[in-house]
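Read the structure below first, then the notes.
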Amino acid sequence: MKRWYMLTVVGADRLGIVARLSETLYHGGCNLGEASMARLGGNFSIMLMAQTDTDIEALRLQLAPLARELNLHVHLDRIEAQLHEHVEPNLRITVSGADRAGIVAEVTGALARAGFNILDLYSDVAGTAAKPIYVMIIDGFAPQGAETLEAALAPLRKTGVDLRLTPLDTLIG
Amino acid sequence: MAILEVLRYPDARLRQVSSAVVEFGENLRRFAADLEATMRASPGCVGLAAPQVNYFQRIALVDVSSKPKIKHNGRMLLINPVILEQHGAAVGREGCLSVPDFTGNVLRAERIVVRSHDLDGTAREYRCEGYEARAVLHELDHLDGLLFLDRVESPRQDLFRRKTYK
């Protein structure tokens, strides 16, 4: 029976990791689902859904030689998963300001308390080493729309963080 | 009126370039009614182009009037549409009846002027902006065999674009 696994792979970035990893999975009988790769601080990371009738230990063994050769950390989880379970975001929140510890915790804490579900998050530290700026873009679903979130986020504006809320309305044509 | 079957990617027919409407008669009227019935049958759908329903003539329907707080021209039946002017650019999220369960960011003009014909063959001009302009441009792409998939950006692309302007 085909089962879904969540495969998380982390390591120093180098050319060809995705190709070698996907070849290994393909030749090992896996079908890939959704995947997201990010290069963070020069490190390679990817999460991907793989479907196979191989059990978790056999899959681990299939990946072991590649992990050794490319010095990758591989983490495998058996997951309950379905494709076509996408949720469309209805709000984008853009956050920026002078970098300091705590921005993410404060913003996402306020969002969670207001019932906002984060569907996608991307953040970066820009500016210069002497004056770093923090930028974060969050897409998610606000069940009650943007208005209730405005109130929840208002206190954060006083701390020098710029917050911009942009409604997202996916056009279907 | 009939609800027509919507072609779904990767159906090669979606890549066909549609030809200009030359006869403004009863057949066109009937097809336009079917196109509208098909669009209305899909909740949230704001536009549909003839090639999406296997009819390769330059006809598109756009109606964004159900969306709150936006400028619009109401229901626009665009026959042989031509873009006369395009201004500005904005990224927005799009999906398509012909590409189910996938959405992505697409860069489109913010304001356009489009000239088209109505069912009687009378020329008309529409000024559209924002969401409505996006809908018109999305549908006009179908007439040239293009899908939003051909224009979709990385979800992170808009951030990178700002970076390059620093």
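Ordering of the structure tokens sets the chain letters (A, B, ...), residue numbers begin anew at 1 in every chain, and ligands are numbered from 1 in the order given.
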When you get a sec, could you note down which chain A residues fall within 6 Å of chain B, using only C-alpha atoms, as a list in words?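 So the contacting residues turn out to be Thr170, Leu171, Ile172 and Gly173 of chain A.
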Export of prior selection with C-alpha atoms as a PDB file, in the first residue's frame:
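Written output follows (selection.pdb):
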ATOM      1  CA  THR A 170      -7.390  35.136  -5.829  1.00  0.00           C
ATOM      2  CA  LEU A 171      -8.812  35.817  -9.264  1.00  0.00           C
ATOM      3  CA  ILE A 172     -10.403  32.765 -10.856  1.00  0.00           C
ATOM      4  CA  GLY A 173     -10.852  33.130 -14.589  1.00  0.00           C
TER       5      GLY A 173
END
Here is a test: counting only C-alpha atoms, which residue of A:Leu61, A:Thr52, A:Met6, A:Arg68 is nearest to Ala35 in chain A?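 The shortest atom-to-atom distance to Ala35 in chain A comes from A:Met6.
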Would you kindly return, as an NGL selection string, each protein, DNA or RNA residue with an atom no farther than 10 Å from any atom of Asn31 in chain A, considering only C-alpha atoms and excluding same-chain residues fewer than 6 positions away? :A and (2 or 4 or 22 or 25 or 49-53)
Store the residues picked out above in a file with N, CA and C atoms, as a PDB file, in the first residue's frame.
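In the end it all went to out_0.pdb:
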ATOM      1  N   LYS A   2       0.529   2.211  -0.824  1.00  0.00           N
ATOM      2  CA  LYS A   2       1.307   3.460  -0.901  1.00  0.00           C
ATOM      3  C   LYS A   2       1.063   4.309   0.344  1.00  0.00           C
ATOM      4  N   TRP A   4       2.404   7.998   2.479  1.00  0.00           N
ATOM      5  CA  TRP A   4       3.100   9.274   2.321  1.00  0.00           C
ATOM      6  C   TRP A   4       4.121   9.454   3.446  1.00  0.00           C
ATOM      7  N   SER A  22      16.295  13.562  -5.828  1.00  0.00           N
ATOM      8  CA  SER A  22      15.088  13.128  -6.534  1.00  0.00           C
ATOM      9  C   SER A  22      15.349  11.897  -7.380  1.00  0.00           C
ATOM     10  N   LEU A  25      15.214   8.952  -5.017  1.00  0.00           N
ATOM     11  CA  LEU A  25      13.835   8.644  -4.633  1.00  0.00           C
ATOM     12  C   LEU A  25      13.080   8.002  -5.799  1.00  0.00           C
ATOM     13  N   MET A  49       7.123  15.825   0.063  1.00  0.00           N
ATOM     14  CA  MET A  49       6.232  14.698   0.267  1.00  0.00           C
ATOM     15  C   MET A  49       6.623  13.601  -0.712  1.00  0.00           C
ATOM     16  N   ALA A  50       6.822  12.405  -0.201  1.00  0.00           N
ATOM     17  CA  ALA A  50       7.154  11.271  -1.061  1.00  0.00           C
ATOM     18  C   ALA A  50       6.182  10.137  -0.764  1.00  0.00           C
ATOM     19  N   GLN A  51       5.684   9.524  -1.826  1.00  0.00           N
ATOM     20  CA  GLN A  51       4.719   8.445  -1.669  1.00  0.00           C
ATOM     21  C   GLN A  51       5.345   7.147  -2.167  1.00  0.00           C
ATOM     22  N   THR A  52       5.277   6.108  -1.359  1.00  0.00           N
ATOM     23  CA  THR A  52       5.892   4.845  -1.740  1.00  0.00           C
ATOM     24  C   THR A  52       5.260   3.700  -0.955  1.00  0.00           C
ATOM     25  N   ASP A  53       5.427   2.483  -1.470  1.00  0.00           N
ATOM     26  CA  ASP A  53       4.950   1.351  -0.671  1.00  0.00           C
ATOM     27  C   ASP A  53       6.083   0.752   0.158  1.00  0.00           C
TER      28      ASP A  53
END
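Near range 15-28 of chain B, within 6 Å and counting only C-alpha atoms, sit Ala12, Arg13, Arg30, Phe31, Phe56, Gln57, Arg58, Asn80, Leu143, Asp144 and Gly145 of chain B, not including residues fewer than 2 positions from it in the same chain.
Among the candidates A:Lys131, A:Gly41, A:Leu72, A:Ala64, the residue lying nearest to Val18 in chain A is A:Leu72 (atoms considered: only C-alpha atoms).
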Excluding range 84-89 of chain B and its own-chain neighbours fewer than 4 positions away, which residues fall within 8 Å of it when counting only C-alpha atoms? Please give them as a list in words.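 Skipping anything fewer than 4 positions along the chain leaves Leu107, Arg108, Ala109, Glu110, Arg111, Ile112, Val113, Val114 and Arg115 of chain B.
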Selection from above, N, CA, C and O atoms, as a short mmCIF file (atom, residue, chain, number, x, y, z; two decimals), in the first residue's frame, can you write it?
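out-v1.cif, freshly written:
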data_model
loop_
_atom_site.label_atom_id
_atom_site.label_comp_id
_atom_site.auth_asym_id
_atom_site.auth_seq_id
_atom_site.Cartn_x
_atom_site.Cartn_y
_atom_site.Cartn_z
N LEU B 107 2.25 39.00 -12.69
CA LEU B 107 2.42 40.44 -12.90
C LEU B 107 1.54 40.86 -14.08
O LEU B 107 1.64 40.26 -15.16
N ARG B 108 0.69 41.85 -13.86
CA ARG B 108 -0.19 42.35 -14.93
C ARG B 108 -0.21 43.87 -14.88
O ARG B 108 0.09 44.47 -13.85
N ALA B 109 -0.65 44.47 -15.99
CA ALA B 109 -0.82 45.93 -16.01
C ALA B 109 -1.91 46.31 -15.01
O ALA B 109 -2.85 45.56 -14.77
N GLU B 110 -1.78 47.51 -14.44
CA GLU B 110 -2.76 47.96 -13.44
C GLU B 110 -3.98 48.64 -14.08
O GLU B 110 -5.06 48.61 -13.53
N ARG B 111 -3.73 49.31 -15.22
CA ARG B 111 -4.83 50.00 -15.90
C ARG B 111 -4.74 49.68 -17.38
O ARG B 111 -3.64 49.71 -17.96
N ILE B 112 -5.86 49.41 -17.98
CA ILE B 112 -5.86 49.12 -19.42
C ILE B 112 -7.05 49.81 -20.09
O ILE B 112 -8.03 50.17 -19.44
N VAL B 113 -6.91 49.98 -21.38
CA VAL B 113 -8.05 50.36 -22.21
C VAL B 113 -8.21 49.25 -23.23
O VAL B 113 -7.24 48.87 -23.90
N VAL B 114 -9.40 48.70 -23.31
CA VAL B 114 -9.63 47.58 -24.22
C VAL B 114 -10.76 47.95 -25.18
O VAL B 114 -11.76 48.55 -24.78
N ARG B 115 -10.54 47.65 -26.45
CA ARG B 115 -11.61 47.87 -27.43
C ARG B 115 -12.12 46.51 -27.89
O ARG B 115 -11.33 45.60 -28.15
#
In Å, with one decimal, what is the gap from CA of Leu40 in chain A to CA of Arg92 in chain A?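 A separation of 21.8 Å between them.
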Write out as JSON, numbers by chain the set of residues from range 48-79 of chain A that DSSP, computed on the backbone, places in helix (DSSP H, G or I). {"A": [56, 57, 58, 59, 60, 61, 62, 63, 64, 65, 66, 67, 68, 69, 70]}
C-alpha atoms of the current selection, written as a PDB file, in the first residue's frame:
ATOM      1  CA  ILE A  56      10.196   3.763   6.561  1.00  0.00           C
ATOM      2  CA  GLU A  57      13.301   1.741   7.435  1.00  0.00           C
ATOM      3  CA  ALA A  58      13.810   0.630   3.830  1.00  0.00           C
ATOM      4  CA  LEU A  59      13.400   4.220   2.656  1.00  0.00           C
ATOM      5  CA  ARG A  60      15.960   5.349   5.227  1.00  0.00           C
ATOM      6  CA  LEU A  61      18.389   2.726   3.917  1.00  0.00           C
ATOM      7  CA  GLN A  62      17.811   3.849   0.324  1.00  0.00           C
ATOM      8  CA  LEU A  63      18.754   7.395   1.238  1.00  0.00           C
ATOM      9  CA  ALA A  64      21.681   6.599   3.542  1.00  0.00           C
ATOM     10  CA  PRO A  65      24.468   6.380   0.909  1.00  0.00           C
ATOM     11  CA  LEU A  66      23.487   9.728  -0.613  1.00  0.00           C
ATOM     12  CA  ALA A  67      23.205  11.376   2.797  1.00  0.00           C
ATOM     13  CA  ARG A  68      26.706  10.136   3.656  1.00  0.00           C
ATOM     14  CA  GLU A  69      28.204  11.206   0.344  1.00  0.00           C
ATOM     15  CA  LEU A  70      26.720  14.732   0.357  1.00  0.00           C
TER      16      LEU A  70
END
Can you work out the spacing between CA of Val161 in chain A and CA of Ala38 in chain A in Å, to one decimal? 25.3 Å
Which residues in chain B does DSSP call strand (DSSP E or B)? List them as a PyMOL selection string. chain B and resi 19+45+47-49+57+59-63+75-87+90-96+99-108+111-117+123-129+152-153
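For the pair CA of Arg39 in chain A and CA of Leu121 in chain A, the interatomic distance is 14.0 Å.
Considering the residues B:Leu7, B:Leu119, B:Ala60, B:Val106 and counting only C-alpha atoms, Leu149 in chain B has its shortest atom-to-atom contact with B:Val106.
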